[in-house]
>>> print(open('coords11.cif').read())   # mmCIF, C-alpha atoms (C1' of nucleotides)
data_upload
#
loop_
_atom_site.label_atom_id
_atom_site.label_comp_id
_atom_site.auth_asym_id
_atom_site.auth_seq_id
_atom_site.Cartn_x
_atom_site.Cartn_y
_atom_site.Cartn_z
CA MET S 1 105.66 119.01 91.93
CA ASP S 2 103.55 115.90 91.78
CA GLN S 3 100.04 117.09 91.10
CA HIS S 4 98.60 113.88 89.77
CA ILE S 5 94.90 113.40 90.18
CA SER S 6 95.71 110.06 91.76
CA GLN S 7 96.64 111.96 94.89
CA ARG S 8 93.02 112.98 95.32
CA ASN S 9 91.74 109.48 94.75
CA LEU S 10 91.04 108.07 98.18
CA PRO S 11 90.41 104.44 97.22
CA LEU S 12 93.66 104.43 95.26
CA LEU S 13 95.54 106.03 98.15
CA LEU S 14 94.17 103.48 100.58
CA SER S 15 95.20 100.74 98.19
CA LYS S 16 98.73 102.14 98.03
CA ALA S 17 98.87 102.52 101.79
CA ARG S 18 97.83 98.92 102.21
CA GLU S 19 100.44 97.79 99.72
CA THR S 20 103.06 99.81 101.58
CA ILE S 21 102.30 97.84 104.74
CA ILE S 22 101.68 94.40 103.32
CA SER S 23 104.88 94.47 101.28
CA GLN S 24 106.74 94.42 104.58
CA PHE S 25 105.12 91.10 105.46
CA ARG S 26 104.92 89.34 102.12
CA PRO S 27 108.45 87.86 102.39
CA ILE S 28 107.47 86.11 105.62
CA LEU S 29 104.38 84.55 104.13
CA LYS S 30 106.17 83.64 100.95
CA HIS S 31 108.84 81.91 103.03
CA PHE S 32 106.14 79.58 104.32
CA GLY S 33 104.39 79.18 100.99
CA LEU S 34 101.26 81.11 101.93
CA THR S 35 99.41 83.84 100.09
CA GLU S 36 98.22 86.87 101.97
CA GLN S 37 94.60 85.72 101.87
CA GLN S 38 95.45 82.21 103.04
CA TRP S 39 97.27 83.70 106.01
CA ARG S 40 94.36 86.02 106.75
CA VAL S 41 92.12 82.96 107.03
CA LEU S 42 94.56 81.01 109.19
CA ARG S 43 95.08 83.99 111.46
CA ILE S 44 91.35 84.42 112.05
CA LEU S 45 91.08 80.69 112.77
CA VAL S 46 93.82 81.01 115.39
CA GLU S 47 91.85 83.79 117.06
CA GLU S 48 88.35 82.39 116.66
CA GLY S 49 88.82 78.64 116.70
CA GLU S 50 86.00 76.84 114.88
CA ILE S 51 84.08 79.21 112.66
CA GLU S 52 81.59 79.08 109.81
CA PRO S 53 82.66 80.19 106.32
CA ARG S 54 80.31 83.17 106.21
CA TYR S 55 81.87 84.69 109.34
CA LEU S 56 85.31 83.91 107.98
CA CYS S 57 84.31 85.92 104.91
CA GLU S 58 83.16 88.80 107.08
CA TYR S 59 86.22 88.88 109.33
CA CYS S 60 88.68 88.40 106.47
CA ASP S 61 86.91 90.81 104.10
CA ILE S 62 86.86 88.12 101.45
CA LEU S 63 83.78 87.40 99.36
CA SER S 64 82.18 84.01 99.42
CA PRO S 65 83.23 82.80 95.96
CA SER S 66 86.85 83.68 96.70
CA MET S 67 86.63 81.99 100.07
CA THR S 68 85.42 78.78 98.44
CA GLY S 69 88.64 78.52 96.46
CA ILE S 70 90.87 79.60 99.32
CA LEU S 71 89.37 76.99 101.64
CA LYS S 72 89.64 74.36 98.91
CA ARG S 73 93.36 75.03 98.49
CA LEU S 74 93.99 75.27 102.23
CA GLY S 75 92.23 71.91 102.56
CA GLU S 76 94.40 70.37 99.86
CA MET S 77 97.45 71.74 101.70
CA GLY S 78 96.25 70.02 104.88
CA LEU S 79 95.91 73.33 106.71
CA ILE S 80 92.19 73.31 107.49
CA SER S 81 89.56 70.70 108.15
CA ARG S 82 85.77 70.77 108.19
CA LYS S 83 83.20 69.67 110.72
CA ALA S 84 79.47 69.22 110.18
CA ILE S 85 76.99 71.16 112.30
CA ALA S 86 74.29 69.01 113.89
CA GLY S 87 70.82 70.25 113.04
CA ASP S 88 71.68 72.23 109.91
CA LYS S 89 73.02 70.38 106.93
CA ARG S 90 73.79 73.59 105.00
CA ARG S 91 76.27 74.86 107.52
CA VAL S 92 79.78 73.71 108.29
CA LEU S 93 82.60 74.60 110.68
CA ILE S 94 86.14 75.34 109.54
CA LEU S 95 89.03 74.64 111.88
CA LEU S 96 92.80 74.44 111.93
CA THR S 97 94.70 71.16 111.72
CA PRO S 98 97.66 70.25 113.95
CA GLU S 99 99.90 71.16 111.01
CA SER S 100 98.47 74.66 110.64
CA GLU S 101 98.48 75.21 114.40
CA ALA S 102 102.20 74.51 114.31
CA LEU S 103 102.66 76.68 111.23
CA ALA S 104 100.82 79.61 112.78
CA ALA S 105 102.92 79.23 115.92
CA LYS S 106 106.00 79.74 113.78
CA ILE S 107 104.62 82.64 111.74
CA LEU S 108 102.91 84.76 114.40
CA PRO S 109 106.11 85.70 116.26
CA LEU S 110 107.75 86.72 113.01
CA ILE S 111 104.81 88.97 112.15
CA LYS S 112 105.08 90.58 115.57
CA GLN S 113 108.80 91.12 115.15
CA GLN S 114 108.24 92.66 111.73
CA TYR S 115 105.68 95.05 113.18
CA GLN S 116 108.28 96.12 115.71
CA LEU S 117 110.81 96.70 112.95
CA ILE S 118 108.25 98.82 111.11
CA GLU S 119 107.70 100.86 114.25
CA GLN S 120 111.44 101.31 114.64
CA ALA S 121 111.72 102.60 111.10
CA TRP S 122 108.53 104.66 110.80
CA GLY S 123 107.57 105.49 114.37
CA THR S 124 104.38 104.55 116.19
CA GLU S 125 102.55 107.84 115.98
CA LEU S 126 101.39 107.73 112.38
CA ILE S 127 100.48 104.06 112.57
CA THR S 128 98.39 104.66 115.67
CA GLN S 129 96.63 107.62 114.07
CA LEU S 130 95.93 105.55 110.98
CA TYR S 131 94.26 102.88 113.10
CA VAL S 132 92.03 105.49 114.68
CA ASP S 133 90.98 107.03 111.37
CA VAL S 134 90.49 103.81 109.51
CA GLU S 135 88.40 102.26 112.24
CA HIS S 136 86.40 105.45 112.42
CA LEU S 137 85.79 105.26 108.68
CA ILE S 138 84.75 101.62 108.85
CA GLN S 139 82.24 102.50 111.56
CA LEU S 140 80.71 105.05 109.18
CA LYS S 141 79.82 102.30 106.73
CA THR S 142 76.53 102.02 108.60
CA VAL S 143 75.72 105.69 107.94
CA LYS S 144 73.84 105.69 104.66
CA VAL S 145 75.18 107.90 101.87
CA GLN S 146 72.81 109.26 99.26
CA GLN S 147 73.52 107.98 95.76
CA VAL S 148 74.03 110.48 92.97
CA GLU S 149 71.39 110.38 90.26
CA LEU S 150 72.61 108.53 87.20
CA PRO S 151 71.67 109.81 83.74
CA SER S 152 69.95 107.46 81.30
CA HIS S 153 71.90 106.72 78.16
CA MET V 1 96.20 98.00 128.24
CA ASP V 2 95.85 99.41 124.76
CA GLN V 3 96.00 97.10 121.83
CA HIS V 4 99.48 96.92 120.44
CA ILE V 5 99.56 97.17 116.68
CA SER V 6 101.18 93.78 116.41
CA GLN V 7 97.94 92.26 117.62
CA ARG V 8 95.85 93.97 114.97
CA ASN V 9 95.79 93.77 111.25
CA LEU V 10 96.45 97.05 109.51
CA PRO V 11 96.44 95.77 105.91
CA LEU V 12 93.03 94.22 106.49
CA LEU V 13 91.69 97.43 108.02
CA LEU V 14 92.99 99.47 105.11
CA SER V 15 91.37 97.03 102.73
CA LYS V 16 88.03 97.42 104.52
CA ALA V 17 88.37 101.20 104.57
CA ARG V 18 89.01 101.20 100.86
CA GLU V 19 85.99 98.99 100.24
CA THR V 20 83.88 101.34 102.35
CA ILE V 21 84.77 104.21 100.04
CA ILE V 22 84.82 102.48 96.68
CA SER V 23 81.42 100.90 97.26
CA GLN V 24 79.99 104.42 97.13
CA PHE V 25 81.34 104.85 93.60
CA ARG V 26 80.89 101.40 92.12
CA PRO V 27 77.28 102.04 91.00
CA ILE V 28 78.45 104.99 88.91
CA LEU V 29 81.14 102.99 87.11
CA LYS V 30 78.86 100.00 86.67
CA HIS V 31 76.29 102.32 85.10
CA PHE V 32 78.83 103.09 82.39
CA GLY V 33 80.11 99.52 82.06
CA LEU V 34 83.54 100.18 83.54
CA THR V 35 85.47 98.30 86.18
CA GLU V 36 87.21 100.22 88.89
CA GLN V 37 90.64 99.60 87.36
CA GLN V 38 89.51 100.60 83.87
CA TRP V 39 88.25 103.88 85.31
CA ARG V 40 91.50 104.41 87.20
CA VAL V 41 93.37 104.18 83.89
CA LEU V 42 90.99 106.49 82.04
CA ARG V 43 91.10 109.00 84.87
CA ILE V 44 94.88 109.15 84.81
CA LEU V 45 94.79 109.57 81.03
CA VAL V 46 92.44 112.53 81.42
CA GLU V 47 94.92 114.11 83.79
CA GLU V 48 98.16 113.20 82.03
CA GLY V 49 97.23 113.01 78.37
CA GLU V 50 99.58 110.74 76.46
CA ILE V 51 101.50 108.46 78.77
CA GLU V 52 103.62 105.30 78.62
CA PRO V 53 102.28 102.08 80.15
CA ARG V 54 104.95 101.90 82.84
CA TYR V 55 103.94 105.30 84.27
CA LEU V 56 100.32 104.32 83.99
CA CYS V 57 101.20 101.31 86.13
CA GLU V 58 102.90 103.50 88.67
CA TYR V 59 100.17 106.14 88.92
CA CYS V 60 97.35 103.57 88.95
CA ASP V 61 99.10 101.18 91.33
CA ILE V 62 98.50 98.36 88.89
CA LEU V 63 101.20 95.84 88.02
CA SER V 64 102.40 95.47 84.48
CA PRO V 65 100.80 92.10 83.70
CA SER V 66 97.42 93.34 84.92
CA MET V 67 97.83 96.53 82.93
CA THR V 68 98.46 94.54 79.75
CA GLY V 69 95.01 92.97 80.01
CA ILE V 70 93.28 96.16 81.10
CA LEU V 71 94.72 98.08 78.12
CA LYS V 72 93.82 95.24 75.78
CA ARG V 73 90.19 95.33 76.91
CA LEU V 74 90.03 99.14 76.90
CA GLY V 75 91.39 98.99 73.36
CA GLU V 76 88.73 96.50 72.30
CA MET V 77 86.11 98.80 73.85
CA GLY V 78 87.45 101.68 71.75
CA LEU V 79 88.42 103.69 74.84
CA ILE V 80 92.18 103.96 74.32
CA SER V 81 94.55 104.10 71.38
CA ARG V 82 98.28 103.64 71.00
CA LYS V 83 100.98 105.73 69.40
CA ALA V 84 104.52 104.68 68.60
CA ILE V 85 107.47 106.59 70.04
CA ALA V 86 110.03 107.66 67.46
CA GLY V 87 113.51 106.48 68.36
CA ASP V 88 112.55 103.64 70.69
CA LYS V 89 110.65 100.71 69.30
CA ARG V 90 110.08 99.17 72.72
CA ARG V 91 108.08 102.06 74.03
CA VAL V 92 104.54 103.17 73.23
CA LEU V 93 102.17 105.96 74.24
CA ILE V 94 98.63 105.35 75.45
CA LEU V 95 95.98 107.98 74.89
CA LEU V 96 92.24 108.52 75.10
CA THR V 97 89.93 108.34 72.12
CA PRO V 98 87.19 110.88 71.37
CA GLU V 99 84.74 108.31 72.79
CA SER V 100 86.55 108.00 76.10
CA GLU V 101 87.05 111.75 76.36
CA ALA V 102 83.29 112.12 76.10
CA LEU V 103 82.73 109.27 78.54
CA ALA V 104 85.09 110.77 81.10
CA ALA V 105 83.37 114.13 80.72
CA LYS V 106 80.13 112.45 81.76
CA ILE V 107 81.60 110.44 84.63
CA LEU V 108 83.87 112.98 86.32
CA PRO V 109 81.09 115.32 87.48
CA LEU V 110 79.18 112.38 88.93
CA ILE V 111 82.25 111.28 90.90
CA LYS V 112 82.64 114.79 92.25
CA GLN V 113 78.99 114.94 93.24
CA GLN V 114 79.26 111.59 94.96
CA TYR V 115 82.27 112.82 96.94
CA GLN V 116 80.15 115.74 98.08
CA LEU V 117 77.36 113.41 99.13
CA ILE V 118 79.85 111.33 101.09
CA GLU V 119 81.12 114.42 102.87
CA GLN V 120 77.56 115.48 103.61
CA ALA V 121 76.90 112.12 105.21
CA TRP V 122 80.23 111.51 106.95
CA GLY V 123 81.68 114.98 107.40
CA THR V 124 84.84 116.40 105.88
CA GLU V 125 87.07 116.14 108.91
CA LEU V 126 87.71 112.41 108.89
CA ILE V 127 88.16 112.28 105.14
CA THR V 128 90.68 115.11 105.27
CA GLN V 129 92.57 113.46 108.12
CA LEU V 130 92.66 110.19 106.21
CA TYR V 131 94.24 111.90 103.22
CA VAL V 132 96.91 113.34 105.47
CA ASP V 133 97.71 110.04 107.19
CA VAL V 134 97.65 107.93 104.09
CA GLU V 135 99.84 110.28 102.09
CA HIS V 136 102.21 110.42 105.01
CA LEU V 137 102.37 106.65 105.11
CA ILE V 138 102.98 106.38 101.39
CA GLN V 139 105.87 108.82 101.73
CA LEU V 140 107.41 106.47 104.29
CA LYS V 141 107.66 103.75 101.69
CA THR V 142 111.05 105.20 100.83
CA VAL V 143 112.28 104.69 104.41
CA LYS V 144 113.76 101.24 104.44
CA VAL V 145 112.47 98.78 107.02
CA GLN V 146 114.72 96.02 108.27
CA GLN V 147 113.49 92.54 107.39
CA VAL V 148 113.00 90.00 110.16
CA GLU V 149 115.30 86.98 109.95
CA LEU V 150 113.51 83.97 108.53
CA PRO V 151 114.22 80.51 109.95
CA SER V 152 115.34 77.74 107.64
CA HIS V 153 112.99 74.82 107.39
"C1'" DT I 1 50.68 70.28 106.56
"C1'" DG I 2 51.91 72.76 102.63
"C1'" DC I 3 53.96 76.65 100.36
"C1'" DG I 4 56.58 80.70 99.65
"C1'" DT I 5 60.81 82.76 101.16
"C1'" DA I 6 65.36 83.11 103.41
"C1'" DT I 7 69.76 81.25 104.18
"C1'" DT I 8 74.11 78.82 103.14
"C1'" DA I 9 77.62 77.42 100.41
"C1'" DC I 10 78.39 76.70 96.08
"C1'" DT I 11 79.32 77.20 90.57
"C1'" DA I 12 80.15 79.97 86.32
"C1'" DA I 13 82.17 83.60 83.79
"C1'" DT I 14 85.04 87.29 83.41
"C1'" DA I 15 88.57 90.65 85.25
"C1'" DT I 16 92.45 91.50 87.95
"C1'" DG I 17 96.53 90.34 91.20
"C1'" DT I 18 101.01 88.11 91.84
"C1'" DT I 19 105.26 85.96 90.66
"C1'" DA I 20 108.49 84.31 87.37
"C1'" DG I 21 110.30 84.54 83.16
"C1'" DT I 22 110.98 86.08 77.98
"C1'" DA I 23 111.75 88.57 73.36
"C1'" DA I 24 112.96 92.72 71.41
"C1'" DT I 25 115.32 96.75 71.75
"C1'" DA I 26 118.44 100.14 73.72
"C1'" DT I 27 122.58 101.45 76.22
"C1'" DA I 28 127.12 101.05 78.40
"C1'" DT I 29 131.60 99.12 78.28
"C1'" DT I 30 135.43 97.20 76.40
"C1'" DA T 1 132.29 96.94 66.39
"C1'" DA T 2 131.33 93.25 69.82
"C1'" DT T 3 129.72 91.90 74.14
"C1'" DA T 4 127.35 92.32 78.38
"C1'" DT T 5 123.73 94.54 80.77
"C1'" DA T 6 119.44 97.27 81.31
"C1'" DT T 7 114.92 98.43 79.90
"C1'" DT T 8 110.20 97.75 78.12
"C1'" DA T 9 106.27 95.38 77.36
"C1'" DC T 10 104.91 91.13 77.10
"C1'" DT T 11 103.43 85.86 78.20
"C1'" DA T 12 102.47 81.96 81.38
"C1'" DA T 13 100.54 79.98 85.41
"C1'" DC T 14 98.11 80.24 89.20
"C1'" DA T 15 95.34 82.78 92.97
"C1'" DT T 16 91.86 85.99 94.03
"C1'" DA T 17 87.96 89.61 93.03
"C1'" DT T 18 83.48 90.59 91.28
"C1'" DT T 19 78.90 89.75 89.73
"C1'" DA T 20 75.18 86.75 88.76
"C1'" DG T 21 72.97 82.81 89.60
"C1'" DT T 22 71.89 77.87 91.68
"C1'" DA T 23 70.88 73.59 94.67
"C1'" DA T 24 69.98 72.14 99.09
"C1'" DT T 25 68.20 73.07 103.32
"C1'" DA T 26 65.74 75.66 106.90
"C1'" DC T 27 62.21 78.67 108.34
"C1'" DG T 28 57.79 81.64 108.59
"C1'" DC T 29 53.16 81.55 108.08
"C1'" DA T 30 48.57 80.68 106.21
#
>>> encode(input="coords11.cif", output="structure tokens")
Amino acid sequence: MDQHISQRNLPLLLSKARETIISQFRPILKHFGLTEQQWRVLRILVEEGEIEPRYLCEYCDILSPSMTGILKRLGEMGLISRKAIAGDKRRVLILLTPESEALAAKILPLIKQQYQLIEQAWGTELITQLYVDVEHLIQLKTVKVQQVELPSH
Amino acid sequence: MDQHISQRNLPLLLSKARETIISQFRPILKHFGLTEQQWRVLRILVEEGEIEPRYLCEYCDILSPSMTGILKRLGEMGLISRKAIAGDKRRVLILLTPESEALAAKILPLIKQQYQLIEQAWGTELITQLYVDVEHLIQLKTVKVQQVELPSH
DNA sequence: TGCGTATTACTAATATGTTAGTAATATATT
DNA sequence: AATATATTACTAACATATTAGTAATACGCA
């Protein structure tokens, strides 16, 4: 009878759930020499086209200092390029290169196939329900939660 | 036409859901100078008492090389100690110190209160449903999923 | 026009994640 | 007993996470 406290630890459970899913895809990304975060960025670029780093951070759920390094390495790998924005010298646009367009075109179908294999093995019902709940939870982020009072020490 | 799961990104959504929750607790841990992972370890030690590092890794969902550093820092902070196991010189037991017992006794009630504040703000229904789904998903980890065939390149 | 403030992407420092591999010890098999 | 294999915790190397802070630029307003 597993009665570990970890089973009532929602952040930990969500982390394990995520690992359960992502571990099914890691071999694909590894095969093409990409980390999970690098692929997250490329995938958003496929969907969005040109995009500024701060939105990339938002969509990928990656903080700015991490994104700086990820974009640096993707640039060195020849998988992204940068374009200046006229009228604002602070801002910049990130976009795919022909190489990464081709790479994404190879990877995306494999991801889709792997999703289908997951559905075959685990069924669609739970996965669908999980989407509903998780998106519901993410919506709630805007509903402010009172913070517990912290003792001085 | 409803969005097929292959066109969405479940690991990313789970990551965002987790961040939504953990951000409600981070101020508490920061107040006591702990990282999230350090607290995960201490919390398991409260529950389990003496425990070997490999089980700590399993229960905390932290890989062994990360755990090595976490335990090293917790040791330097005086929050864990180590005990040899008679009959097997490879193995070791990790346990709390009086200091970390006292620290955990201060933190645990605050975590519980914060959970209550979250439920006040967001309702219990969604949180309960999430537990159900996520635990269900984690169970499925044992059901083997076929791996998509990777092209040579 | 000048000045305070906001925004954007960045750096710095430390902690953790991920993969591969290793030294020491224990166990199974011959 | 001797050898091969398994286990445990560890190191190494690199990528990413987290927090704090900065330089350059843009903007709001007196």
>>> calpha_fit_rmsd(input="coords11.cif", fixed="chain V", moving="chain S")
2.3 Å
>>> residues_around(input="coords11.cif", residues="Ala121 of chain S", least_positions_apart="6", cutoff="12 Å", atoms="all atoms listed in the file", output="list of chain:residue names")
S:Gln24, S:Gln114, S:Tyr115, S:Ile127, V:Leu137, V:Leu140, V:Lys141, V:Thr142, V:Val143, V:Lys144, V:Val145, V:Gln146, V:Gln147
>>> residues_around(input="coords11.cif", residues="DA12 of chain T", least_positions_apart="4", cutoff="12 Å", atoms="all atoms listed in the file", output="ChimeraX atom specification")
/V:65 /I:19-22
>>> write_last_selection(input="coords11.cif", atoms="C-alpha atoms (C1' of nucleotides)", output="PDB file, in the coordinates of the input")
ATOM      1  CA  PRO V  65     100.800  92.100  83.700  1.00  0.00           C
TER       2      PRO V  65
ATOM      3  C1'  DT I  19     105.260  85.960  90.660  1.00  0.00           C
ATOM      4  C1'  DA I  20     108.490  84.310  87.370  1.00  0.00           C
ATOM      5  C1'  DG I  21     110.300  84.540  83.160  1.00  0.00           C
ATOM      6  C1'  DT I  22     110.980  86.080  77.980  1.00  0.00           C
TER       7       DT I  22
END
>>> residues_around(input="coords11.cif", residues="DA20 of chain T", least_positions_apart="6", cutoff="12 Å", atoms="only C-alpha atoms (C1' of nucleotides)", output="ChimeraX atom specification")
/S:65 /I:11-14
>>> resolve_selection(input="coords11.cif", expression="the PyMOL selection byres ((chain V) within 8 of (chain S))", output="JSON, numbers by chain")
{"V": [5, 6, 7, 10, 11, 12, 13, 14, 15, 16, 17, 18, 19, 20, 21, 22, 24, 28, 31, 43, 44, 47, 48, 59, 60, 61, 110, 113, 114, 117, 118, 121, 122, 126, 129, 130, 131, 133, 134, 135, 136, 137, 138, 140, 141, 143, 144, 145, 146, 147, 148, 150]}
>>> closest_atom_pairs(input="coords11.cif", of="chain I", to="chain S", cutoff="10 Å", atoms="all atoms listed in the file", output="tab-separated table")
residue	atom	partner	partner_atom	distance
I:DT7	C1'	S:Arg90	CA	8.7
I:DT8	C1'	S:Arg90	CA	5.6
I:DA9	C1'	S:Arg90	CA	7.1
I:DC10	C1'	S:Thr68	CA	7.7
I:DT11	C1'	S:Pro65	CA	8.7
I:DT18	C1'	S:Thr35	CA	9.4
>>> write_last_selection(input="coords11.cif", atoms="C-alpha atoms (C1' of nucleotides)", output="mmCIF file, in the coordinates of the input")
data_model
loop_
_atom_site.group_PDB
_atom_site.id
_atom_site.type_symbol
_atom_site.label_atom_id
_atom_site.label_comp_id
_atom_site.auth_asym_id
_atom_site.auth_seq_id
_atom_site.Cartn_x
_atom_site.Cartn_y
_atom_site.Cartn_z
ATOM 1 C "C1'" DT I 7 69.760 81.250 104.180
ATOM 2 C "C1'" DT I 8 74.110 78.820 103.140
ATOM 3 C "C1'" DA I 9 77.620 77.420 100.410
ATOM 4 C "C1'" DC I 10 78.390 76.700 96.080
ATOM 5 C "C1'" DT I 11 79.320 77.200 90.570
ATOM 6 C "C1'" DT I 18 101.010 88.110 91.840
#
>>> closest_atom_pairs(input="coords11.cif", of="chain T", to="chain V", cutoff="9 Å", atoms="only C-alpha atoms (C1' of nucleotides)", output="Markdown table")
| residue | atom | partner | partner_atom | distance |
| --- | --- | --- | --- | --- |
| T:DT7 | C1' | V:Arg90 | CA | 8.7 |
| T:DT8 | C1' | V:Arg90 | CA | 5.6 |
| T:DA9 | C1' | V:Arg90 | CA | 7.1 |
| T:DC10 | C1' | V:Thr68 | CA | 7.8 |
| T:DT11 | C1' | V:Pro65 | CA | 8.7 |
>>> residues_around(input="coords11.cif", residues="Leu42 of chain S", least_positions_apart="3", cutoff="9 Å", atoms="all atoms listed in the file", output="list in words")
Gln37, Gln38, Trp39, Leu45, Val46, Glu47, Leu79, Ile80, Leu95, Leu96, Ser100, Glu101 and Ala104 of chain S
>>> atom_distance(input="coords11.cif", atom1="atom CA of Ala102 of chain S", atom2="atom CA of Arg82 of chain S")
17.9 Å
>>> closest_residue(input="coords11.cif", among="I:DA23, I:DA28, I:DT16, I:DC3", to="DT16 of chain T", atoms="only C-alpha atoms (C1' of nucleotides)")
I:DT16
>>> atom_distance(input="coords11.cif", atom1="atom CA of Ala86 of chain V", atom2="atom C1' of DA1 of chain T")
24.7 Å
>>> closest_residue(input="coords11.cif", among="S:Ala105, S:Ile94, S:Gly78, S:Lys30", to="Cys57 of chain S", atoms="all atoms listed in the file")
S:Ile94
>>> atom_distance(input="coords11.cif", atom1="atom CA of Leu34 of chain S", atom2="atom CA of Lys83 of chain S")
23.1 Å
